[in-house]
2 protein chains.
Amino acid sequence: MTKTEYQVVGTRPVRHDGADKVTGRALYGADFQMAGLLHGAILRSPHAHARIVRIDTAKALAYPGVKAVVTAADFPPAPDKLVDFGEGATPLAYVRGNVLASGKVLYRGHAVAGVAATSAHIAEEAAQLIEVEYEPLPCVLTAPEAMQPDAPILHDGLRTAELGEKAQGRSNISEHFRHILGDSKKGFAETDVVIEREFSTATVHQGYIEPHNATALWNNDGRVHIWCSTQGSFVVRDATACVLDIAQSRIRVTPMEIGGGFGGKIPVYLEPVAALLSRKTGRPVKILMTRKDVFEGTGPTPGSYIRVKIGATSDGKLVAAEAYLAYEAGAYPGAMVGPGGMCVFAAYDIPNVTIDGFDVVVNKPSTAAYRAPGATNAAFATETVIDELAEQLGIDPVEIRLRNAAKEGTRRADGPKFKRIGCVEVLEAVRGSEHYQSPLEGPNRGRGVAVGFWFNVGLPSSCTINVNADGTVNLVEGSTDIGGTRTSVAMQAAEVLGIPVEDVHPSVVDTDSVGFTAVTGGSRVTFSTGMAACEAAGDVIRQMKERAAKLWETVPDKVEAGRGSFRCNGHSATFKELAAKVGETGGPVVGRATVNPRGVGGSFSAAIADVEVDPETGKTTVLRFTSIQDAGKAIHPSYVEGQMQGGSVQGIGWGLNEEYYMSRDGMMMNSSLLDYRMPTSLDLPMIETIIVEVPNPGHPFGVRGVGEANIVPPPAALANAIYRAAGVRMRRLPMSPPAVMEAIWSK
Amino acid sequence: MTKTEYQVVGTRPVRHDGADKVTGRALYGADFQMAGLLHGAILRSPHAHARIVRIDTAKALAYPGVKAVVTAADFPPAPDKLVDFGEGATPLAYVRGNVLASGKVLYRGHAVAGVAATSAHIAEEAAQLIEVEYEPLPCVLTAPEAMQPDAPILHDGLRTAELGEKAQGRSNISEHFRHILGDSKKGFAETDVVIEREFSTATVHQGYIEPHNATALWNNDGRVHIWCSTQGSFVVRDATACVLDIAQSRIRVTPMEIGGGFGGKIPVYLEPVAALLSRKTGRPVKILMTRKDVFEGTGPTPGSYIRVKIGATSDGKLVAAEAYLAYEAGAYPGAMVGPGGMCVFAAYDIPNVTIDGFDVVVNKPSTAAYRAPGATNAAFATETVIDELAEQLGIDPVEIRLRNAAKEGTRRADGPKFKRIGCVEVLEAVRGSEHYQSPLEGPNRGRGVAVGFWFNVGLPSSCTINVNADGTVNLVEGSTDIGGTRTSVAMQAAEVLGIPVEDVHPSVVDTDSVGFTAVTGGSRVTFSTGMAACEAAGDVIRQMKERAAKLWETVPDKVEAGRGSFRCNGHSATFKELAAKVGETGGPVVGRATVNPRGVGGSFSAAIADVEVDPETGKTTVLRFTSIQDAGKAIHPSYVEGQMQGGSVQGIGWGLNEEYYMSRDGMMMNSSLLDYRMPTSLDLPMIETIIVEVPNPGHPFGVRGVGEANIVPPPAALANAIYRAAGVRMRRLPMSPPAVMEAIWSK
């Protein structure tokens, strides 16, 4: 089908949950109410690293209104159990340890105990009455420090998985992997110019508006019901079951609306604590985080130390590249350096590559995903080195990228060979854009470009579609909606059914009421749940043909269906007309599908940034910014643009301002939204967008997924722009006014 | 399969919703809470029949805290529209009229206006400030009175559907049907003995514990969300859509738990009013009925006037029968005399039958279903006449029934021919029972028996089953659970899947989240939704075979499945083991089925009653009572027994005590549970039960449905017992102490 054949895909209907959202009717986790509800609070560590000598809960328990206190001692025993969330075996002790500390605290803000009381205020007061005796230990806050031989060790039992083998000695490095393609040493020998640079990026937070929240009811029949805002109701179900060591089917998770996630609302923090408190009290327990809890107690995305070395011939052909990526895992072994290694050179066809990745535990909160996790750090390094190479070789920065752009058949150093991808098309869109073609004039101004990649994921999704007698359908899905996916999924069903999208009523239901559906993350929902919706709609069409055949006394195969009508032998009926007759032709029609798709298509994104740098203060003002992204197919272009704008703004914040500003002893000094300065609409121009559509052959409409790649290029594009505006190459994030001033002074 | 082959069917597991019910966690309609909730009240007519001259809502609207008032004038215009709920076309004006009176009030308690206010007390106060000017009209309270040529007419536009033809003149008779089999006149000529008797039965109420309730939110996007306790969430959806003249898919109904229904929680009363009030206020509106509202404003089951004439040969062969059934419809045309006509002689194979049925409007609340609606009235007549015939012919009352019992192939006068039924087996169970074999001794004591029939219904149901990785499944259904059907449906799925029923988690979800499912009524859920569960489970097994085939590198057809395990070529896996591998073999497994089954199997029930009648007061004490019923197959025998006991107790209350005690001007004088005397556990012996199992060939396990037939025989069995105890033939219900005394005195 070509674009013009679509009735629904590619249009911009009003979102199904729009009215609820703008009128305040939508219920978020904090809105949850229930008779007999208790309120919980979490006691958090004041130390970044300390041994827990003793916990005395007596005073807290004696406080009027307090109903229960829990610590890690309340977890059921499971010594040395390993668990596997599909990423390899992890000790259950680590998973539990981040929920409630056991033996040691590993970061300031680490949860130590939970209290349930008749009011939130009583719970907070009582939490402060829990006496914890700590033996403080020296702390370590960055990957390079933590990798020193004499660094304080966080986990006595941690051994490095060193290039696949388990090392013997104690270490803070949980994993060292190496990807090799060709022979980079030999490759560098063939180059005319080689540039090698060091980079560091700060720990940053996703900064979603809504703090984490969870309510749990441990029912008398042993089943646990959890209400929370999460990116994955089944993730919460399965992770909580794992932490509590009970069967996953004993837990029902009802996902509430979500006020932002960006990867940070995947791990469980409060849910198991609320569940344990509910088990002790027999009542539902709700726990809400403050903003400070969110900053100190949930997963930011890793700070990192990166070295990148790239060599090219004089005509701009990239021949060899090496990367050394040391990412902070936070307090427990992490998973973000892996994708960093997959993405660091993904935009380029380079024959000789070596990539070393290190996952390093430090005394900071355990890290979590944040839009294309790991890729932004890596692209900041690669894309500024490429810019420098282009400058040295006297080649246009877009041109050098185009000459070396990855395409169908290019093999990545981490293994896979690209299928049909849109890197070239994205770069051509940059070059052809009105923005890139326009001159940028004035002093202290500069323009930078960069490109980024995210591979996207598939994973299982389920969908059922119930046909109403009035010709509308109810669509049931398990994907929590963080970006308008109720609508982008419903649109695909509508397209297949040939009915208006307003006639599709999507519902995101609890884990007992829909088939297993993986996390809302990895830019997968419009791709994977969308595919499930297409297949469920196809299942409906198949059954409707059977019904038409019954009415018209023919066989289903002879009934033609398309664009919402059914035809055979001169008979015809619209979807609506046929829907009115399903009762008399055999009963209701319900379509269902489950998918675990393999045809995932990665997405490339580029950014063009125009900036002005104030030479007196070092402040960078973004004058103009364009985000370009390959959507494969934009189901709902407004939401694609929204994702591109959101990702760009977050990338700009990451690039220019945001960081966990830490004291030497591991205290975050700016744990409020006033001090942790995310850009607001007043700080930024309107973000311009260019959607590129290189269809993904692995999806019926060509969808790739657009939630992530757009955050990858902005910091590098800004660094390249700052260089042209102020003459300084920035190699540390954030490129805040003092950092830029320092660079100008050093020059 | 024979009984012993079942692992789950026929066992007595704890119900899935048991813990919630006994701990008070289950949420009923009145428990619903939401931010900004307004409370509604209904103004009801003080007259049984009056013209509404004027309604002035100004004072009510001015009352502090009042947010809106609605009357019938707030319905969108739909002049002369006809609607069809599958029972033939009905004027929308009638459907709406019972929700909010328009032009006239037709019974005391008829809803006239609704008020929404910030508290229920304010709403009640304000309702009384609505000024309604009435012009009272003469009222008519029983079918025989209403059928008089000079009776006050309720509906100016009502014309009798007279044996299929629409009559010309105004009348209170909405319908007259006639069923003919053979030639009853000729038949009576061949008989040796003929008995003809007149009967009347009082209006009685289902007497569920929980009053009606509804909360509605008319959302800004035009969709309406309703929370209520109902026997049919889709019925509420479709009926409310009809009353409000909007598309059914604009309404989402979330069924709350239900505190009894018995047929009375099928019609909508409060839902459209709450919806209109919500539309006016933009806020959710909750309305609860009081007990008085329930008695005066909801549907009791019809009072009736019945004549039955039966003729037999001297050897006890029934040759001819005639019935005249005039049932009160209440204020609007009703539907209960139809089933009365289907059931009146259904237990017997009589070659010559004529049945005349009349549906008659009277100035009482519009009637509703009540367990086998219409059949109990009819059986009271037939079964006491049969008893009299047996006495006259000197034949044992069970023997005469057995000689004439309906069996496979017997044609009913209303048309259908019986398939495999259990009438003979039920009567043989009576004859063989310890109860019937035991002598009953002592003065003023007597034993009576009777038999009754209910045809049961099929209707559409939907079910989906989602497989969890831990080997359990989540079952999603649309049938609200009024009798333990979560468990009886889950048991059937468990049996097909070969897993423990504890591993099936049933959920009753809202109308947006499951395929269309008809009302919980007609004894259909365990039959029809159970069949959907069986088919959905079969769909799961089919997919699990495909997964096993993939793992074992074979074709699905070669994989054998049974009793929860899968086998092929020496490989084998339990359901649990295979469930853990669905992720890697193609994604989640979801089974679904929709059914609209034709193989409904009717159920026969009998009662044996031993009574003692106090000759001084006329009070009848039930000494011993046994209920016998053909379940087809008892999926969960405890719930079958519970249905039999519940139906028996309601039949005993109907027989001995309960009635709408009306003043001449149509006021119910006993509209509280203190005065409307339903039997309590202190009034009754333990009800004994005998389950007969004559499998219904139309269901995989032979289920017939047991919710209704058991209420049919008790009043007749009691009348026959009273005759033997006190020597009087009772032909009026209830057979209360004054009625029995009067009969004794007349004798």
# chains A, B, ... in the order shown; residues from 1 in each chain; ligands from 1
$ closest_atom_pairs --of "chain A" --to "chain B" --cutoff "7 Å" --atoms "only C-alpha atoms" --output "CSV"
residue,atom,partner,partner_atom,distance
A:Ala19,CA,B:Asp221,CA,5.4
A:Asn220,CA,B:Ala19,CA,5.9
A:Asp221,CA,B:Ala19,CA,5.5
A:Ala247,CA,B:Asp470,CA,6.8
A:Gln248,CA,B:Asp470,CA,6.8
A:Ser249,CA,B:Thr472,CA,6.5
A:Pro460,CA,B:Gly587,CA,5.3
A:Ser462,CA,B:Pro588,CA,7.0
A:Asn466,CA,B:Gly515,CA,4.8
A:Val467,CA,B:Gly515,CA,6.9
A:Asn468,CA,B:Ser249,CA,6.8
A:Asp470,CA,B:Gln248,CA,6.8
A:Thr472,CA,B:Ser249,CA,6.5
A:Asn474,CA,B:Asp512,CA,5.4
A:Val476,CA,B:Ser513,CA,5.8
A:Ser507,CA,B:Ser513,CA,6.9
A:Asp512,CA,B:Asn474,CA,5.4
A:Ser513,CA,B:Val476,CA,5.8
A:Val514,CA,B:Asn466,CA,6.4
A:Gly515,CA,B:Asn466,CA,4.8
A:Phe516,CA,B:Pro588,CA,5.7
A:Gly586,CA,B:Asn596,CA,5.5
A:Gly587,CA,B:Asn596,CA,4.6
A:Pro588,CA,B:Phe516,CA,5.7
A:Val589,CA,B:Thr594,CA,6.6
A:Val590,CA,B:Gly515,CA,5.9
A:Thr594,CA,B:Pro588,CA,5.7
A:Val595,CA,B:Gly587,CA,5.4
A:Asn596,CA,B:Gly587,CA,4.6
$ residues_around --residues "Leu141 in chain A" --least-positions-apart "3" --cutoff "10 Å" --atoms "only C-alpha atoms" --output "PyMOL selection string"
chain A and resi 48+107+144-146+303+328+330-331+361-364+662-666
$ residues_around --residues "Ala719 in chain B" --least-positions-apart "5" --cutoff "8 Å" --atoms "only C-alpha atoms" --output "list of chain:residue names"
B:Thr384, B:Gly448, B:Gly655, B:Arg729, B:Met730, B:Arg731, B:Met735
$ atom_distance --atom1 "CA of Gly40 in chain A" --atom2 "CA of Glu124 in chain A"
7.8 Å
$ select_by_dssp --residues "range 279-414 of chain B" --states "helix (DSSP H, G or I)" --output "ChimeraX atom specification"
/B:279-281,291-297,337-343,375-393,397-403
$ closest_residue --among "B:Ile652, B:Val253, B:Val99, B:Val703" --to "Arg677 in chain B" --atoms "only C-alpha atoms"
B:Ile652
$ select_by_dssp --residues "range 239-366 of chain A" --states "strand (DSSP E or B)" --output "PDB file with C-alpha atoms, in the first residue's frame"
ATOM      1  CA  ILE A 251      -0.188 -10.344  41.718  1.00  0.00           C
ATOM      2  CA  ARG A 252      -2.619  -8.155  39.793  1.00  0.00           C
ATOM      3  CA  VAL A 253      -1.306  -4.796  38.666  1.00  0.00           C
ATOM      4  CA  THR A 254      -3.734  -2.078  37.645  1.00  0.00           C
ATOM      5  CA  PRO A 255      -1.800   0.590  35.780  1.00  0.00           C
ATOM      6  CA  GLU A 257      -2.274   6.974  34.226  1.00  0.00           C
ATOM      7  CA  VAL A 285      -0.967   0.966  51.752  1.00  0.00           C
ATOM      8  CA  LYS A 286      -0.136   3.877  49.473  1.00  0.00           C
ATOM      9  CA  ILE A 287       3.338   5.374  49.202  1.00  0.00           C
ATOM     10  CA  LEU A 288       4.201   8.490  47.238  1.00  0.00           C
ATOM     11  CA  THR A 301      20.790   7.575  33.682  1.00  0.00           C
ATOM     12  CA  SER A 304      30.136   8.158  31.960  1.00  0.00           C
ATOM     13  CA  TYR A 305      33.774   8.376  30.992  1.00  0.00           C
ATOM     14  CA  ILE A 306      34.387   7.787  27.287  1.00  0.00           C
ATOM     15  CA  ARG A 307      37.387   7.744  24.964  1.00  0.00           C
ATOM     16  CA  VAL A 308      36.811   7.698  21.225  1.00  0.00           C
ATOM     17  CA  LYS A 309      39.466   7.431  18.510  1.00  0.00           C
ATOM     18  CA  ILE A 310      38.558   7.650  14.832  1.00  0.00           C
ATOM     19  CA  GLY A 311      40.832   7.553  11.808  1.00  0.00           C
ATOM     20  CA  ALA A 312      40.053   8.585   8.229  1.00  0.00           C
ATOM     21  CA  LEU A 318      36.412   6.414   7.946  1.00  0.00           C
ATOM     22  CA  VAL A 319      38.714   3.418   8.227  1.00  0.00           C
ATOM     23  CA  ALA A 320      39.124   2.619  11.897  1.00  0.00           C
ATOM     24  CA  ALA A 321      37.558   3.463  15.232  1.00  0.00           C
ATOM     25  CA  GLU A 322      37.978   2.566  18.858  1.00  0.00           C
ATOM     26  CA  ALA A 323      35.809   3.368  21.828  1.00  0.00           C
ATOM     27  CA  TYR A 324      36.334   2.917  25.542  1.00  0.00           C
ATOM     28  CA  LEU A 325      33.075   3.303  27.443  1.00  0.00           C
ATOM     29  CA  ALA A 326      33.017   3.290  31.238  1.00  0.00           C
ATOM     30  CA  TYR A 327      29.486   3.858  32.456  1.00  0.00           C
ATOM     31  CA  GLU A 328      28.363   4.318  36.031  1.00  0.00           C
ATOM     32  CA  ALA A 329      25.929   1.565  36.944  1.00  0.00           C
ATOM     33  CA  GLY A 330      24.996   3.258  40.175  1.00  0.00           C
ATOM     34  CA  TYR A 348      28.800   4.661  10.222  1.00  0.00           C
ATOM     35  CA  ASN A 352      37.785  -1.769  11.616  1.00  0.00           C
ATOM     36  CA  VAL A 353      36.288  -1.234  15.030  1.00  0.00           C
ATOM     37  CA  THR A 354      37.052  -2.137  18.631  1.00  0.00           C
ATOM     38  CA  ILE A 355      34.675  -1.213  21.402  1.00  0.00           C
ATOM     39  CA  ASP A 356      35.384  -1.818  25.077  1.00  0.00           C
ATOM     40  CA  GLY A 357      32.529  -1.386  27.529  1.00  0.00           C
ATOM     41  CA  PHE A 358      32.735  -1.280  31.332  1.00  0.00           C
ATOM     42  CA  ASP A 359      29.819  -1.348  33.742  1.00  0.00           C
ATOM     43  CA  VAL A 360      31.031   0.194  37.000  1.00  0.00           C
ATOM     44  CA  VAL A 361      29.244   0.371  40.324  1.00  0.00           C
TER      45      VAL A 361
END
$ atom_distance --atom1 "CA of Glu388 in chain A" --atom2 "CA of Glu198 in chain A"
13.3 Å
$ residues_around --residues "Pro738 in chain B" --least-positions-apart "3" --cutoff "10 Å" --atoms "only C-alpha atoms" --output "list in words"
Thr617, Gly618, Lys619, Pro734, Met735, Met741, Glu742, Ala743 and Ile744 of chain B
$ write_last_selection --atoms "N, CA and C atoms" --output "PDB file, in the first residue's frame"
ATOM      1  N   THR B 617     -54.640 -20.526  64.598  1.00  0.00           N
ATOM      2  CA  THR B 617     -54.165 -19.267  63.999  1.00  0.00           C
ATOM      3  C   THR B 617     -54.042 -19.339  62.484  1.00  0.00           C
ATOM      4  N   GLY B 618     -54.056 -20.537  61.950  1.00  0.00           N
ATOM      5  CA  GLY B 618     -53.852 -20.675  60.509  1.00  0.00           C
ATOM      6  C   GLY B 618     -52.393 -20.621  60.113  1.00  0.00           C
ATOM      7  N   LYS B 619     -51.516 -20.540  61.066  1.00  0.00           N
ATOM      8  CA  LYS B 619     -50.087 -20.444  60.731  1.00  0.00           C
ATOM      9  C   LYS B 619     -49.550 -21.795  60.256  1.00  0.00           C
ATOM     10  N   PRO B 734     -50.608 -15.075  48.994  1.00  0.00           N
ATOM     11  CA  PRO B 734     -49.970 -16.050  49.878  1.00  0.00           C
ATOM     12  C   PRO B 734     -50.991 -16.785  50.742  1.00  0.00           C
ATOM     13  N   MET B 735     -50.594 -17.971  51.184  1.00  0.00           N
ATOM     14  CA  MET B 735     -51.439 -18.780  52.069  1.00  0.00           C
ATOM     15  C   MET B 735     -51.080 -18.404  53.504  1.00  0.00           C
ATOM     16  N   MET B 741     -57.035 -19.428  57.822  1.00  0.00           N
ATOM     17  CA  MET B 741     -58.138 -19.431  58.793  1.00  0.00           C
ATOM     18  C   MET B 741     -59.471 -19.242  58.071  1.00  0.00           C
ATOM     19  N   GLU B 742     -59.465 -18.313  57.147  1.00  0.00           N
ATOM     20  CA  GLU B 742     -60.687 -18.034  56.384  1.00  0.00           C
ATOM     21  C   GLU B 742     -61.147 -19.296  55.659  1.00  0.00           C
ATOM     22  N   ALA B 743     -60.166 -20.009  55.071  1.00  0.00           N
ATOM     23  CA  ALA B 743     -60.508 -21.244  54.350  1.00  0.00           C
ATOM     24  C   ALA B 743     -61.054 -22.292  55.313  1.00  0.00           C
ATOM     25  N   ILE B 744     -60.433 -22.384  56.487  1.00  0.00           N
ATOM     26  CA  ILE B 744     -60.907 -23.367  57.476  1.00  0.00           C
ATOM     27  C   ILE B 744     -62.320 -23.013  57.908  1.00  0.00           C
TER      28      ILE B 744
END
$ residues_around --residues "Arg563 in chain B" --least-positions-apart "2" --cutoff "9 Å" --atoms "only C-alpha atoms" --output "mmCIF file with C-alpha atoms, in the first residue's frame"
data_model
loop_
_atom_site.group_PDB
_atom_site.id
_atom_site.type_symbol
_atom_site.label_atom_id
_atom_site.label_comp_id
_atom_site.auth_asym_id
_atom_site.auth_seq_id
_atom_site.Cartn_x
_atom_site.Cartn_y
_atom_site.Cartn_z
ATOM 1 C CA GLN B 7 -10.566 -33.710 37.727
ATOM 2 C CA GLU B 495 -11.089 -29.038 33.398
ATOM 3 C CA VAL B 496 -10.356 -28.458 29.713
ATOM 4 C CA LEU B 497 -6.868 -27.091 30.413
ATOM 5 C CA GLY B 498 -6.096 -29.885 32.856
ATOM 6 C CA ILE B 499 -4.931 -27.516 35.600
ATOM 7 C CA ALA B 561 -2.766 -33.112 24.925
ATOM 8 C CA SER B 565 0.213 -32.394 29.748
ATOM 9 C CA PHE B 566 1.508 -32.470 26.201
ATOM 10 C CA THR B 574 3.181 -30.204 31.680
ATOM 11 C CA PHE B 575 0.960 -27.205 31.038
#
$ decode --residues "range 589-618 of chain B" --atoms "N, CA and C atoms" --output "PDB file, in the first residue's frame"
ATOM      1  N   VAL B 589       0.284 -16.503  24.873  1.00  0.00           N
ATOM      2  CA  VAL B 589      -0.843 -17.296  24.382  1.00  0.00           C
ATOM      3  C   VAL B 589      -2.134 -16.745  24.986  1.00  0.00           C
ATOM      4  N   VAL B 590      -3.050 -16.403  24.110  1.00  0.00           N
ATOM      5  CA  VAL B 590      -4.361 -15.905  24.520  1.00  0.00           C
ATOM      6  C   VAL B 590      -5.417 -16.706  23.776  1.00  0.00           C
ATOM      7  N   GLY B 591      -6.311 -17.356  24.523  1.00  0.00           N
ATOM      8  CA  GLY B 591      -7.424 -18.073  23.905  1.00  0.00           C
ATOM      9  C   GLY B 591      -8.677 -17.226  23.988  1.00  0.00           C
ATOM     10  N   ARG B 592      -9.514 -17.332  22.991  1.00  0.00           N
ATOM     11  CA  ARG B 592     -10.767 -16.576  23.058  1.00  0.00           C
ATOM     12  C   ARG B 592     -11.886 -17.382  22.413  1.00  0.00           C
ATOM     13  N   ALA B 593     -13.087 -17.127  22.882  1.00  0.00           N
ATOM     14  CA  ALA B 593     -14.253 -17.757  22.272  1.00  0.00           C
ATOM     15  C   ALA B 593     -15.459 -16.868  22.476  1.00  0.00           C
ATOM     16  N   THR B 594     -16.347 -16.921  21.510  1.00  0.00           N
ATOM     17  CA  THR B 594     -17.657 -16.325  21.675  1.00  0.00           C
ATOM     18  C   THR B 594     -18.658 -17.401  21.301  1.00  0.00           C
ATOM     19  N   VAL B 595     -19.767 -17.452  22.029  1.00  0.00           N
ATOM     20  CA  VAL B 595     -20.780 -18.461  21.727  1.00  0.00           C
ATOM     21  C   VAL B 595     -22.157 -17.825  21.725  1.00  0.00           C
ATOM     22  N   ASN B 596     -23.057 -18.437  21.010  1.00  0.00           N
ATOM     23  CA  ASN B 596     -24.479 -18.098  21.055  1.00  0.00           C
ATOM     24  C   ASN B 596     -25.194 -19.437  20.945  1.00  0.00           C
ATOM     25  N   PRO B 597     -25.125 -20.218  22.014  1.00  0.00           N
ATOM     26  CA  PRO B 597     -25.432 -21.645  21.904  1.00  0.00           C
ATOM     27  C   PRO B 597     -26.913 -21.941  21.683  1.00  0.00           C
ATOM     28  N   ARG B 598     -27.151 -23.010  20.941  1.00  0.00           N
ATOM     29  CA  ARG B 598     -28.524 -23.445  20.670  1.00  0.00           C
ATOM     30  C   ARG B 598     -28.943 -24.627  21.544  1.00  0.00           C
ATOM     31  N   GLY B 599     -27.985 -25.311  22.110  1.00  0.00           N
ATOM     32  CA  GLY B 599     -28.330 -26.562  22.809  1.00  0.00           C
ATOM     33  C   GLY B 599     -28.760 -26.396  24.254  1.00  0.00           C
ATOM     34  N   VAL B 600     -29.609 -25.386  24.484  1.00  0.00           N
ATOM     35  CA  VAL B 600     -30.067 -25.147  25.856  1.00  0.00           C
ATOM     36  C   VAL B 600     -30.872 -26.337  26.353  1.00  0.00           C
ATOM     37  N   GLY B 601     -30.688 -26.712  27.594  1.00  0.00           N
ATOM     38  CA  GLY B 601     -31.452 -27.820  28.177  1.00  0.00           C
ATOM     39  C   GLY B 601     -32.291 -27.339  29.337  1.00  0.00           C
ATOM     40  N   GLY B 602     -33.607 -27.534  29.264  1.00  0.00           N
ATOM     41  CA  GLY B 602     -34.491 -27.110  30.338  1.00  0.00           C
ATOM     42  C   GLY B 602     -34.288 -27.946  31.588  1.00  0.00           C
ATOM     43  N   SER B 603     -34.710 -27.392  32.711  1.00  0.00           N
ATOM     44  CA  SER B 603     -34.507 -28.063  33.985  1.00  0.00           C
ATOM     45  C   SER B 603     -35.846 -28.268  34.707  1.00  0.00           C
ATOM     46  N   PHE B 604     -36.033 -29.482  35.224  1.00  0.00           N
ATOM     47  CA  PHE B 604     -37.197 -29.772  36.049  1.00  0.00           C
ATOM     48  C   PHE B 604     -36.785 -29.803  37.510  1.00  0.00           C
ATOM     49  N   SER B 605     -37.694 -29.379  38.352  1.00  0.00           N
ATOM     50  CA  SER B 605     -37.422 -29.379  39.780  1.00  0.00           C
ATOM     51  C   SER B 605     -38.694 -29.841  40.494  1.00  0.00           C
ATOM     52  N   ALA B 606     -38.526 -30.522  41.591  1.00  0.00           N
ATOM     53  CA  ALA B 606     -39.679 -30.934  42.398  1.00  0.00           C
ATOM     54  C   ALA B 606     -39.442 -30.521  43.836  1.00  0.00           C
ATOM     55  N   ALA B 607     -40.523 -30.472  44.591  1.00  0.00           N
ATOM     56  CA  ALA B 607     -40.419 -30.135  46.009  1.00  0.00           C
ATOM     57  C   ALA B 607     -41.276 -31.093  46.817  1.00  0.00           C
ATOM     58  N   ILE B 608     -40.768 -31.495  47.968  1.00  0.00           N
ATOM     59  CA  ILE B 608     -41.550 -32.253  48.945  1.00  0.00           C
ATOM     60  C   ILE B 608     -41.627 -31.389  50.197  1.00  0.00           C
ATOM     61  N   ALA B 609     -42.844 -31.088  50.623  1.00  0.00           N
ATOM     62  CA  ALA B 609     -43.013 -30.211  51.783  1.00  0.00           C
ATOM     63  C   ALA B 609     -43.835 -30.923  52.856  1.00  0.00           C
ATOM     64  N   ASP B 610     -43.312 -30.940  54.071  1.00  0.00           N
ATOM     65  CA  ASP B 610     -44.082 -31.413  55.225  1.00  0.00           C
ATOM     66  C   ASP B 610     -44.432 -30.189  56.065  1.00  0.00           C
ATOM     67  N   VAL B 611     -45.714 -30.020  56.367  1.00  0.00           N
ATOM     68  CA  VAL B 611     -46.114 -28.837  57.138  1.00  0.00           C
ATOM     69  C   VAL B 611     -46.984 -29.229  58.311  1.00  0.00           C
ATOM     70  N   GLU B 612     -47.082 -28.304  59.236  1.00  0.00           N
ATOM     71  CA  GLU B 612     -48.067 -28.421  60.314  1.00  0.00           C
ATOM     72  C   GLU B 612     -48.835 -27.113  60.339  1.00  0.00           C
ATOM     73  N   VAL B 613     -50.176 -27.216  60.318  1.00  0.00           N
ATOM     74  CA  VAL B 613     -51.006 -26.009  60.300  1.00  0.00           C
ATOM     75  C   VAL B 613     -51.652 -25.855  61.680  1.00  0.00           C
ATOM     76  N   ASP B 614     -51.456 -24.701  62.272  1.00  0.00           N
ATOM     77  CA  ASP B 614     -52.060 -24.436  63.589  1.00  0.00           C
ATOM     78  C   ASP B 614     -53.532 -24.117  63.374  1.00  0.00           C
ATOM     79  N   PRO B 615     -54.443 -24.972  63.838  1.00  0.00           N
ATOM     80  CA  PRO B 615     -55.873 -24.740  63.555  1.00  0.00           C
ATOM     81  C   PRO B 615     -56.422 -23.519  64.283  1.00  0.00           C
ATOM     82  N   GLU B 616     -55.678 -23.015  65.279  1.00  0.00           N
ATOM     83  CA  GLU B 616     -56.141 -21.834  66.017  1.00  0.00           C
ATOM     84  C   GLU B 616     -55.803 -20.542  65.291  1.00  0.00           C
ATOM     85  N   THR B 617     -54.640 -20.526  64.598  1.00  0.00           N
ATOM     86  CA  THR B 617     -54.165 -19.267  63.999  1.00  0.00           C
ATOM     87  C   THR B 617     -54.042 -19.339  62.484  1.00  0.00           C
ATOM     88  N   GLY B 618     -54.056 -20.537  61.950  1.00  0.00           N
ATOM     89  CA  GLY B 618     -53.852 -20.675  60.509  1.00  0.00           C
ATOM     90  C   GLY B 618     -52.393 -20.621  60.113  1.00  0.00           C
TER      91      GLY B 618
END
